[in-house]
Amino acid sequence: MTAAAVLSAGLIGAGMLFTGLYGETFRQTYGAPVSQKSATQEAGGYPQLSTYEEFPGLTRIPLLSEEEEALEAFEYSLTQKYPNLASEFIESLADCYPGESLAGENQEICFYLQTDERCADKPFGEDPIGIYGCGPSAMAIVVSTLTELTIDPVRMAQWAYENGYWARQSGSYHTLIAGAAKAFSLDCESCPREDTDAMRKALEEGSLIVVLMGKGQFTDSGHFIVLYGLTGEGKVLLADPNSMERTNQEWDLETITKEAKSYAADGGPFWIISRQQ
């Protein structure tokens, strides 16, 4: 209840409030008001409050500032937009560090590097993010780009671990991609490796594509990257959370489809992720 409502309740129902349930307690605690006593007062009743100074024992409840009201309204709106996330979790994202902005011809993304000193030695389950955290780092890029939330690899790794997506000394279970997309109110769909037209169309429309790469130029085993745009010449722009060098290059889509894992569970190795319509 706001301060105005509290005061209004006292003003409108003073007789009932003080002479009824709380009358005697109030008299014993604060005594008679400074203003003139009346017959009503002698009987245990009290006049309407005019100032807080008459009853110094009362605590003034401060009104929210416009900035605080706006913040509360914004936080409430986020809980409505992301119903799968607890409000406490959303509030905790205020401590996340911002990513680096990378601009392509189709869209700008929020990039995170898993080897960044701010997260490399932090835990993903019982493993370090710098070695095993490409999955949470990739999804930190996706969520921070496509939603109003900012979540860094540290917080995403913690969320992924708490929700059962950590695979000991193997990185992430493939279910992390669709699972995180759903939790953060994003659409996720599988894309066949050979459907490069669908991939290009998705990138042109501002969607992101998470790819699980196999042995090749990106990894010796398995590694998640994020495709985020196309150049005017049709090359692919990508965010590799384990390499700034590879991130700064332009790639042929055919190279990506060729080196992607031959198989991935839960709809992979290509997941198109977009904002909900």
# chains A, B, ... in the order shown; residues from 1 in each chain; ligands from 1

call {"tool": "closest_atom_pairs", "arguments": {"of": "range 69-134 of chain A", "to": "range 209-223 of chain A", "cutoff": "10 Å", "atoms": "only C-alpha atoms", "output": "tab-separated table"}}
result
residue	atom	partner	partner_atom	distance
A:Tyr132	CA	A:His223	CA	9.1
A:Gly133	CA	A:His223	CA	9.4
A:Cys134	CA	A:His223	CA	6.5

call {"tool": "residues_around", "arguments": {"residues": "Ala94 in chain A", "least_positions_apart": "4", "cutoff": "9 Å", "atoms": "only C-alpha atoms", "output": "list in words"}}
result
Ile90, Thr150 and Ile151 of chain A

call {"tool": "write_last_selection", "arguments": {"atoms": "C-alpha atoms", "output": "compact mmCIF listing (two decimals), in the first residue's frame"}}
result
# COMPACT_ATOMS: atom_id res chain seq x y z
CA ILE A 90 15.59 -11.22 -13.99
CA THR A 150 21.54 -8.64 -20.96
CA ILE A 151 23.05 -11.87 -19.70

call {"tool": "residues_around", "arguments": {"residues": "Arg168 in chain A", "least_positions_apart": "2", "cutoff": "8 Å", "atoms": "only C-alpha atoms", "output": "ChimeraX atom specification"}}
result
/A:125-127,166,170-171

call {"tool": "select_by_dssp", "arguments": {"residues": "range 69-214 of chain A", "states": "strand (DSSP E)", "output": "VMD selection string"}}
result
chain A and resid 100 to 103 108 to 111 123 to 124 127 to 128 166 to 167 171 to 172 186 to 190 208 to 213

call {"tool": "closest_residue", "arguments": {"among": "A:Leu253, A:Ala198, A:Leu176, A:Val142", "to": "Arg275 in chain A", "atoms": "only C-alpha atoms"}}
result
A:Val142

call {"tool": "closest_residue", "arguments": {"among": "A:Thr79, A:Ser101, A:Ser207, A:Ser243", "to": "Ile272 in chain A", "atoms": "only C-alpha atoms"}}
result
A:Ser207

call {"tool": "closest_residue", "arguments": {"among": "A:Asn84, A:Asn106, A:Ser185, A:Gln114", "to": "Leu230 in chain A", "atoms": "only C-alpha atoms"}}
result
A:Asn106

call {"tool": "residues_around", "arguments": {"residues": "Cys119 in chain A", "least_positions_apart": "3", "cutoff": "6 Å", "atoms": "only C-alpha atoms", "output": "list of chain:residue names"}}
result
A:Asp116, A:Lys122, A:Val154

call {"tool": "write_last_selection", "arguments": {"atoms": "N, CA and C atoms", "output": "tab-separated table (two decimals), in the first residue's frame"}}
result
chain	number	residue	atom	x	y	z
A	116	ASP	N	37.33	-14.36	-22.22
A	116	ASP	CA	37.45	-13.07	-21.55
A	116	ASP	C	37.83	-13.32	-20.09
A	122	LYS	N	35.56	-18.69	-14.49
A	122	LYS	CA	34.32	-18.91	-13.73
A	122	LYS	C	33.75	-20.28	-14.07
A	154	VAL	N	28.82	-15.85	-17.66
A	154	VAL	CA	28.86	-16.34	-16.28
A	154	VAL	C	27.46	-16.68	-15.79

call {"tool": "select_by_dssp", "arguments": {"residues": "range 51-167 of chain A", "states": "helix (DSSP H, G or I)", "output": "tab-separated table (two decimals) with N, CA and C atoms, in the first residue's frame"}}
result
chain	number	residue	atom	x	y	z
A	52	TYR	N	2.03	14.95	10.63
A	52	TYR	CA	2.80	13.90	11.26
A	52	TYR	C	3.41	14.39	12.57
A	53	GLU	N	3.62	15.73	12.67
A	53	GLU	CA	4.28	16.27	13.84
A	53	GLU	C	3.45	16.06	15.10
A	54	GLU	N	2.11	15.96	14.99
A	54	GLU	CA	1.28	15.73	16.16
A	54	GLU	C	1.55	14.36	16.77
A	66	GLU	N	9.90	9.26	-9.32
A	66	GLU	CA	9.46	8.92	-10.68
A	66	GLU	C	10.39	7.87	-11.29
A	67	GLU	N	11.69	7.99	-10.98
A	67	GLU	CA	12.64	7.02	-11.53
A	67	GLU	C	12.39	5.63	-10.95
A	68	GLU	N	12.11	5.57	-9.63
A	68	GLU	CA	11.85	4.28	-9.00
A	68	GLU	C	10.56	3.66	-9.51
A	69	GLU	N	9.54	4.51	-9.70
A	69	GLU	CA	8.28	4.00	-10.23
A	69	GLU	C	8.47	3.46	-11.65
A	70	ALA	N	9.26	4.19	-12.45
A	70	ALA	CA	9.52	3.75	-13.82
A	70	ALA	C	10.28	2.43	-13.82
A	71	LEU	N	11.25	2.28	-12.88
A	71	LEU	CA	12.03	1.05	-12.80
A	71	LEU	C	11.14	-0.12	-12.40
A	72	GLU	N	10.26	0.10	-11.42
A	72	GLU	CA	9.35	-0.96	-10.99
A	72	GLU	C	8.44	-1.38	-12.13
A	73	ALA	N	7.96	-0.39	-12.87
A	73	ALA	CA	7.07	-0.69	-14.00
A	73	ALA	C	7.81	-1.48	-15.07
A	74	PHE	N	9.08	-1.11	-15.31
A	74	PHE	CA	9.87	-1.81	-16.32
A	74	PHE	C	10.14	-3.24	-15.88
A	75	GLU	N	10.52	-3.42	-14.62
A	75	GLU	CA	10.78	-4.77	-14.12
A	75	GLU	C	9.52	-5.63	-14.17
A	76	TYR	N	8.38	-5.01	-13.88
A	76	TYR	CA	7.13	-5.76	-13.95
A	76	TYR	C	6.85	-6.17	-15.40
A	77	SER	N	7.10	-5.27	-16.34
A	77	SER	CA	6.86	-5.60	-17.75
A	77	SER	C	7.74	-6.74	-18.21
A	78	LEU	N	8.96	-6.82	-17.68
A	78	LEU	CA	9.86	-7.92	-18.05
A	78	LEU	C	9.33	-9.25	-17.55
A	79	THR	N	8.76	-9.28	-16.35
A	79	THR	CA	8.20	-10.53	-15.85
A	79	THR	C	7.02	-10.98	-16.70
A	80	GLN	N	6.33	-10.04	-17.33
A	80	GLN	CA	5.23	-10.40	-18.21
A	80	GLN	C	5.74	-10.92	-19.55
A	81	LYS	N	6.83	-10.34	-20.04
A	81	LYS	CA	7.39	-10.74	-21.33
A	81	LYS	C	8.14	-12.06	-21.24
A	87	SER	N	11.18	-13.71	-11.31
A	87	SER	CA	11.48	-12.29	-11.20
A	87	SER	C	12.82	-12.05	-10.52
A	88	GLU	N	13.17	-12.91	-9.56
A	88	GLU	CA	14.47	-12.77	-8.87
A	88	GLU	C	15.61	-12.99	-9.84
A	89	PHE	N	15.43	-13.93	-10.78
A	89	PHE	CA	16.47	-14.18	-11.77
A	89	PHE	C	16.63	-12.96	-12.69
A	90	ILE	N	15.53	-12.40	-13.13
A	90	ILE	CA	15.59	-11.22	-13.99
A	90	ILE	C	16.30	-10.07	-13.28
A	91	GLU	N	15.99	-9.87	-12.01
A	91	GLU	CA	16.63	-8.81	-11.24
A	91	GLU	C	18.13	-9.05	-11.11
A	92	SER	N	18.53	-10.32	-11.02
A	92	SER	CA	19.95	-10.64	-10.86
A	92	SER	C	20.77	-10.29	-12.10
A	93	LEU	N	20.13	-10.15	-13.24
A	93	LEU	CA	20.86	-9.84	-14.47
A	93	LEU	C	21.43	-8.43	-14.47
A	94	ALA	N	21.01	-7.61	-13.51
A	94	ALA	CA	21.54	-6.25	-13.42
A	94	ALA	C	23.04	-6.27	-13.13
A	95	ASP	N	23.55	-7.39	-12.59
A	95	ASP	CA	24.98	-7.50	-12.26
A	95	ASP	C	25.82	-8.02	-13.42
A	129	ILE	N	34.53	-21.99	-17.77
A	129	ILE	CA	33.83	-21.48	-18.96
A	129	ILE	C	34.81	-21.33	-20.12
A	130	GLY	N	36.04	-20.90	-19.83
A	130	GLY	CA	37.01	-20.65	-20.90
A	130	GLY	C	37.30	-21.86	-21.76
A	131	ILE	N	37.12	-23.06	-21.23
A	131	ILE	CA	37.40	-24.29	-21.98
A	131	ILE	C	36.12	-24.98	-22.42
A	132	TYR	N	35.10	-25.01	-21.55
A	132	TYR	CA	33.91	-25.80	-21.81
A	132	TYR	C	32.63	-24.97	-21.99
A	134	CYS	N	31.38	-22.84	-24.38
A	134	CYS	CA	30.95	-22.25	-25.65
A	134	CYS	C	29.43	-22.22	-25.79
A	135	GLY	N	28.75	-23.24	-25.23
A	135	GLY	CA	27.29	-23.29	-25.32
A	135	GLY	C	26.63	-22.13	-24.58
A	136	PRO	N	26.92	-21.96	-23.28
A	136	PRO	CA	26.36	-20.81	-22.57
A	136	PRO	C	26.78	-19.47	-23.16
A	137	SER	N	28.02	-19.39	-23.65
A	137	SER	CA	28.49	-18.14	-24.24
A	137	SER	C	27.73	-17.82	-25.52
A	138	ALA	N	27.48	-18.85	-26.34
A	138	ALA	CA	26.71	-18.65	-27.57
A	138	ALA	C	25.29	-18.20	-27.25
A	139	MET	N	24.69	-18.81	-26.23
A	139	MET	CA	23.32	-18.42	-25.89
A	139	MET	C	23.27	-17.08	-25.17
A	140	ALA	N	24.36	-16.68	-24.51
A	140	ALA	CA	24.42	-15.33	-23.96
A	140	ALA	C	24.40	-14.30	-25.09
A	141	ILE	N	25.09	-14.62	-26.19
A	141	ILE	CA	25.07	-13.74	-27.37
A	141	ILE	C	23.66	-13.66	-27.94
A	142	VAL	N	23.02	-14.80	-28.09
A	142	VAL	CA	21.68	-14.85	-28.69
A	142	VAL	C	20.67	-14.09	-27.84
A	143	VAL	N	20.62	-14.39	-26.56
A	143	VAL	CA	19.62	-13.77	-25.69
A	143	VAL	C	19.87	-12.27	-25.54
A	144	SER	N	21.13	-11.87	-25.38
A	144	SER	CA	21.44	-10.45	-25.22
A	144	SER	C	21.19	-9.66	-26.49
A	145	THR	N	21.18	-10.34	-27.63
A	145	THR	CA	20.93	-9.67	-28.91
A	145	THR	C	19.44	-9.59	-29.23
A	146	LEU	N	18.70	-10.67	-28.99
A	146	LEU	CA	17.31	-10.75	-29.44
A	146	LEU	C	16.28	-10.38	-28.39
A	153	PRO	N	28.15	-14.63	-20.10
A	153	PRO	CA	28.41	-16.08	-20.05
A	153	PRO	C	28.42	-16.65	-18.63
A	154	VAL	N	28.82	-15.85	-17.66
A	154	VAL	CA	28.86	-16.34	-16.28
A	154	VAL	C	27.46	-16.68	-15.79
A	155	ARG	N	26.54	-15.75	-15.99
A	155	ARG	CA	25.17	-15.96	-15.51
A	155	ARG	C	24.46	-17.02	-16.35
A	156	MET	N	24.73	-17.05	-17.66
A	156	MET	CA	24.11	-18.06	-18.52
A	156	MET	C	24.64	-19.44	-18.17
A	157	ALA	N	25.92	-19.54	-17.86
A	157	ALA	CA	26.50	-20.83	-17.47
A	157	ALA	C	25.86	-21.32	-16.17
A	158	GLN	N	25.64	-20.42	-15.25
A	158	GLN	CA	24.99	-20.79	-13.99
A	158	GLN	C	23.57	-21.26	-14.24
A	159	TRP	N	22.84	-20.51	-15.09
A	159	TRP	CA	21.47	-20.91	-15.42
A	159	TRP	C	21.46	-22.28	-16.11
A	160	ALA	N	22.38	-22.48	-17.06
A	160	ALA	CA	22.43	-23.75	-17.79
A	160	ALA	C	22.73	-24.91	-16.85
A	161	TYR	N	23.64	-24.69	-15.92
A	161	TYR	CA	23.97	-25.74	-14.95
A	161	TYR	C	22.77	-26.06	-14.06
A	162	GLU	N	22.12	-25.02	-13.56
A	162	GLU	CA	20.97	-25.22	-12.67
A	162	GLU	C	19.80	-25.91	-13.37

call {"tool": "atom_distance", "arguments": {"atom1": "CA of Arg118 in chain A", "atom2": "CA of Gly164 in chain A"}}
result
23.5 Å

call {"tool": "closest_residue", "arguments": {"among": "A:Gln277, A:Ile109, A:Gly267, A:Ser65", "to": "Gly179 in chain A", "atoms": "only C-alpha atoms"}}
result
A:Gly267

call {"tool": "atom_distance", "arguments": {"atom1": "CA of Ala103 in chain A", "atom2": "CA of Lys261 in chain A"}}
result
27.2 Å

call {"tool": "closest_residue", "arguments": {"among": "A:Leu186, A:Val236, A:Ala264, A:Leu208", "to": "Pro83 in chain A", "atoms": "only C-alpha atoms"}}
result
A:Leu186

call {"tool": "atom_distance", "arguments": {"atom1": "CA of Phe184 in chain A", "atom2": "CA of Tyr82 in chain A"}}
result
6.1 Å
